[in-house]
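Peer 1: Before anything else, here's the structure in question.
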Amino acid sequence: MKFSIKQKKSSEGKISLYIETYKGSYYDEDGKRKHIREFEFLKRYLYENPKTAKEKKENKEALEFADKILTMKKADFNQGKYGLQNPYKKKKLFLDFFKEKAEEKINSPKNYGNWTATLVHLNRCISSTLTFEEVDEAFVKRVRKYFDTEAKTKSDTLLSENSKYSYFNKFKAALRAAFDEGYTSINYGAKVKSFEQQESQREYLTHEELQKLANTECKYPVLKRAFIFSCLTGLRWSDINKMVWAEIREEYQEGEKTIKVNFIQEKTLGIEYLYISEQARELLGERKYPSDRVFIGLKYSAVYNTELLRWCNRAGILKHITFHSGRHTNAVLLLENGADIYTVSKRLGHSELRTTQIYAKMVDQKNKEAANLIPTLNIEL
């Protein structure tokens, strides 16, 4: 549902103000699209060409009044006062809608994978004929119970808490989208509590391990350059993979050279400005055309993921390192070398400081472990 202020010239020569309520559209039996609109005239008028201060003042007051009414209607709608549901959209199949939402994520491989994995589970617990007309709080609770007590992995084991958290949140995101798009009159996703997310193991490389990796041969040189670049900058795979030369800025300010990456963060779609070191810039190679990709040949595949692990093994590193570990490595190295947590949070593009605090805990844990590294002394006092 959408509310907007409209104007219509009246028979007296003035302009009448009214609120238009747009309730969506449907297709009739002939396949023609029909729009559903309602109008509420406010009995407030504007002078078409105000000439005096009085007329200009009355125009301003009329517009302010209309704006207040518009704000109130939007607030009422957001609070569920209208309780309306599009009679045509409620016939939509829920699983079809979820699949459409999943396909919107196709350009973000990891996110798309989570949505499609969720869809596999929803196909097991939701009837293929279920429509939005049948969606209610009880339905949402049934789906939550499925993820909590019935859903299993390919290995026939119950889902981990983090998997429950991830899948159920995708389901709730679809319900929120359905509410925003008029398929339901209530955001049922907000009615049921999600699962608690547990802190997962975040593998990272120490400075010594990163040095070993830098001195070890990798089968794919572009993978080696890209991964070490991630360790030095904290950039995600998605941002590194799509990076083009137009995003790499080399500037001189008061005789000092600065290098930064100006890019739109793939995950949040926010504009980021990240300063990088000379060494990180050297990993990019020779500058090419602005529209050219920086890491030509880099691709997300099982072959590259496997080579990353083999490369680590050849370097004597037995941790389960993924490309995202480069981001974890950057955060830990920055904190270990004196960067404050706020700066690290801004560089990583975190929207909440508590996300970055996980890395601070990791550094603090290493500090605790270091306390017991000195062998026990035989002390006589």
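Each chain in the structure tokens gets a letter, A, B, ..., in the order shown, and its residues are numbered from 1; ligands are numbered from 1 in order too.
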Fewer than 3 positions away in the same chain doesn't count, so skip those; otherwise give me all residues within 10 Å of stretch 38-49 of chain A, counting only C-alpha atoms, as an NGL selection string.
Peer 2: :A and (3-10 or 13-23 or 52 or 55-56 or 58-63 or 65-66 or 69)
Peer 1: For the residues in that selection, give me N, CA, C and O atoms as a short mmCIF file (atom, residue, chain, number, x, y, z; two decimals), in the first residue's frame.
Peer 2:
data_model
loop_
_atom_site.label_atom_id
_atom_site.label_comp_id
_atom_site.auth_asym_id
_atom_site.auth_seq_id
_atom_site.Cartn_x
_atom_site.Cartn_y
_atom_site.Cartn_z
N PHE A 3 0.82 5.63 -0.03
CA PHE A 3 0.07 6.87 0.15
C PHE A 3 0.85 8.02 -0.49
O PHE A 3 2.07 8.10 -0.35
N SER A 4 0.14 8.94 -1.13
CA SER A 4 0.80 10.10 -1.72
C SER A 4 -0.17 11.29 -1.80
O SER A 4 -1.39 11.11 -1.86
N ILE A 5 0.40 12.49 -1.77
CA ILE A 5 -0.39 13.72 -1.89
C ILE A 5 -0.56 14.06 -3.37
O ILE A 5 0.41 14.07 -4.12
N LYS A 6 -1.80 14.32 -3.77
CA LYS A 6 -2.08 14.67 -5.16
C LYS A 6 -2.80 16.02 -5.22
O LYS A 6 -3.35 16.49 -4.22
N GLN A 7 -2.79 16.60 -6.39
CA GLN A 7 -3.45 17.90 -6.60
C GLN A 7 -4.40 17.82 -7.80
O GLN A 7 -4.11 17.13 -8.77
N LYS A 8 -5.53 18.54 -7.68
CA LYS A 8 -6.50 18.56 -8.78
C LYS A 8 -7.13 19.96 -8.85
O LYS A 8 -7.53 20.53 -7.81
N LYS A 9 -7.18 20.49 -10.04
CA LYS A 9 -7.73 21.83 -10.21
C LYS A 9 -9.25 21.78 -10.02
O LYS A 9 -9.96 20.97 -10.63
N SER A 10 -9.77 22.65 -9.14
CA SER A 10 -11.20 22.66 -8.84
C SER A 10 -11.94 23.61 -9.78
O SER A 10 -11.32 24.39 -10.52
N GLY A 13 -11.25 27.36 -9.65
CA GLY A 13 -9.96 27.87 -10.10
C GLY A 13 -8.82 27.59 -9.14
O GLY A 13 -7.66 27.82 -9.46
N LYS A 14 -9.13 27.09 -7.96
CA LYS A 14 -8.09 26.74 -7.00
C LYS A 14 -7.64 25.29 -7.22
O LYS A 14 -8.26 24.54 -7.98
N ILE A 15 -6.61 24.90 -6.51
CA ILE A 15 -6.09 23.53 -6.61
C ILE A 15 -6.47 22.78 -5.34
O ILE A 15 -6.11 23.18 -4.23
N SER A 16 -7.20 21.70 -5.52
CA SER A 16 -7.66 20.89 -4.39
C SER A 16 -6.62 19.84 -4.04
O SER A 16 -6.05 19.18 -4.93
N LEU A 17 -6.34 19.67 -2.75
CA LEU A 17 -5.40 18.66 -2.28
C LEU A 17 -6.14 17.40 -1.83
O LEU A 17 -7.19 17.50 -1.20
N TYR A 18 -5.57 16.22 -2.19
CA TYR A 18 -6.17 14.97 -1.74
C TYR A 18 -5.09 13.91 -1.56
O TYR A 18 -3.98 14.03 -2.07
N ILE A 19 -5.44 12.88 -0.78
CA ILE A 19 -4.54 11.75 -0.53
C ILE A 19 -4.97 10.59 -1.41
O ILE A 19 -6.13 10.20 -1.41
N GLU A 20 -4.01 10.08 -2.17
CA GLU A 20 -4.28 8.88 -2.98
C GLU A 20 -3.70 7.67 -2.26
O GLU A 20 -2.54 7.67 -1.86
N THR A 21 -4.53 6.65 -2.07
CA THR A 21 -4.08 5.39 -1.48
C THR A 21 -4.02 4.34 -2.58
O THR A 21 -5.05 3.96 -3.14
N TYR A 22 -2.79 3.92 -2.91
CA TYR A 22 -2.61 2.92 -3.96
C TYR A 22 -2.51 1.54 -3.32
O TYR A 22 -1.63 1.28 -2.50
N LYS A 23 -3.42 0.63 -3.69
CA LYS A 23 -3.49 -0.69 -3.06
C LYS A 23 -3.00 -1.82 -3.96
O LYS A 23 -3.29 -2.98 -3.73
N THR A 52 0.03 37.46 -3.15
CA THR A 52 0.24 38.20 -1.92
C THR A 52 0.89 37.31 -0.86
O THR A 52 0.90 36.07 -0.98
N GLU A 55 -1.67 34.86 0.54
CA GLU A 55 -1.94 33.68 -0.30
C GLU A 55 -0.79 32.68 -0.20
O GLU A 55 -1.01 31.46 -0.15
N LYS A 56 0.44 33.16 -0.17
CA LYS A 56 1.60 32.27 -0.04
C LYS A 56 1.59 31.55 1.31
O LYS A 56 1.92 30.37 1.40
N GLU A 58 -1.13 30.87 3.12
CA GLU A 58 -2.21 29.88 3.11
C GLU A 58 -1.79 28.63 2.32
O GLU A 58 -2.14 27.50 2.69
N ASN A 59 -1.07 28.82 1.23
CA ASN A 59 -0.56 27.68 0.46
C ASN A 59 0.37 26.82 1.32
O ASN A 59 0.29 25.59 1.35
N LYS A 60 1.27 27.49 2.04
CA LYS A 60 2.22 26.77 2.88
C LYS A 60 1.51 25.98 3.97
O LYS A 60 1.83 24.80 4.23
N GLU A 61 0.51 26.61 4.61
CA GLU A 61 -0.23 25.94 5.68
C GLU A 61 -1.03 24.76 5.15
O GLU A 61 -1.13 23.72 5.81
N ALA A 62 -1.61 24.91 3.95
CA ALA A 62 -2.38 23.81 3.35
C ALA A 62 -1.48 22.61 3.05
O ALA A 62 -1.85 21.45 3.29
N LEU A 63 -0.28 22.88 2.52
CA LEU A 63 0.66 21.80 2.20
C LEU A 63 1.16 21.12 3.47
O LEU A 63 1.34 19.90 3.50
N PHE A 65 -0.50 20.88 6.27
CA PHE A 65 -1.62 20.08 6.76
C PHE A 65 -1.69 18.75 6.01
O PHE A 65 -1.84 17.68 6.62
N ALA A 66 -1.58 18.82 4.69
CA ALA A 66 -1.64 17.59 3.88
C ALA A 66 -0.49 16.65 4.22
O ALA A 66 -0.68 15.42 4.30
N ILE A 69 -1.29 14.79 7.44
CA ILE A 69 -2.26 13.71 7.21
C ILE A 69 -1.57 12.52 6.57
O ILE A 69 -1.81 11.36 6.94
#
Peer 1: Where does stretch 198-297 of chain A meet stretch 343-355 of chain A within 8 Å, residue by residue, with the nearest atom pair and distance in Å to one decimal for each, counting only C-alpha atoms, listed by chain and rising number, as JSON lines?
Peer 2:
{"residue": "A:Gly234", "atom": "CA", "partner": "A:Leu348", "partner_atom": "CA", "distance": 6.1}
{"residue": "A:Leu235", "atom": "CA", "partner": "A:Leu348", "partner_atom": "CA", "distance": 7.1}
{"residue": "A:Glu272", "atom": "CA", "partner": "A:Gly349", "partner_atom": "CA", "distance": 7.5}
{"residue": "A:Leu274", "atom": "CA", "partner": "A:Arg347", "partner_atom": "CA", "distance": 6.5}
Peer 1: Restricted to N, CA and C atoms, what would the selected residues look like written as a compact mmCIF listing (two decimals), in the first residue's frame?
Peer 2:
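Everything below was put into out_9.txt:
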# COMPACT_ATOMS: atom_id res chain seq x y z
N GLY A 234 41.52 -6.53 4.33
CA GLY A 234 40.27 -6.92 4.97
C GLY A 234 39.09 -6.95 4.02
N LEU A 235 39.33 -6.80 2.72
CA LEU A 235 38.23 -6.80 1.75
C LEU A 235 37.67 -8.21 1.55
N GLU A 272 32.17 2.74 0.16
CA GLU A 272 33.29 2.66 1.09
C GLU A 272 34.53 3.32 0.49
N LEU A 274 38.54 3.01 1.30
CA LEU A 274 39.49 2.24 2.09
C LEU A 274 40.92 2.57 1.67
Peer 1: Using only C-alpha atoms, pick whichever of A:Lys34, A:Lys101, A:His324, A:Lys141 has the shortest atom-to-atom distance to A:Trp237.
Peer 2: A:His324
Peer 1: So which residues of stretch 184-328 of chain A fall under strand (DSSP E) by DSSP, listed as number ranges by chain?
Peer 2: A: 248-253, 256-264, 271-275
Peer 1: Skipping near chain neighbours, those fewer than 4 positions away, what residues fall within 10 Å of A:Glu196 using only C-alpha atoms, listed as a PyMOL selection string?
Peer 2: chain A and resi 161-162+164-166
Peer 1: Measuring atom to atom with only C-alpha atoms, identify which of A:Ile317, A:Asn262, A:Gly255, A:Thr118 is nearest to A:Lys99.
Peer 2: A:Thr118
Peer 1: Quick one, how far is atom CA of A:Lys2 from atom CA of A:Phe171?
Peer 2: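 Straight-line distance from atom CA of A:Lys2 to atom CA of A:Phe171 works out to 24.6 Å.
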Peer 1: For A:Glu278, work out the shell of residues within 12 Å, counting only C-alpha atoms and skipping chain neighbours fewer than 2 positions away, then give it as a list in words.
Peer 2: Phe229, Leu232, Thr233, Glu250, Lys257, Thr258, Ile259, Lys260, Tyr275, Ile276, Ala280, Arg281, Glu282, Leu283, Leu284 and Gly285 of chain A
Peer 1: Counting only C-alpha atoms, what is within 9 Å of A:Asn305, bar same-chain residues fewer than 5 positions away, as a VMD selection string?
Peer 2: chain A and resid 300 310 322 to 323
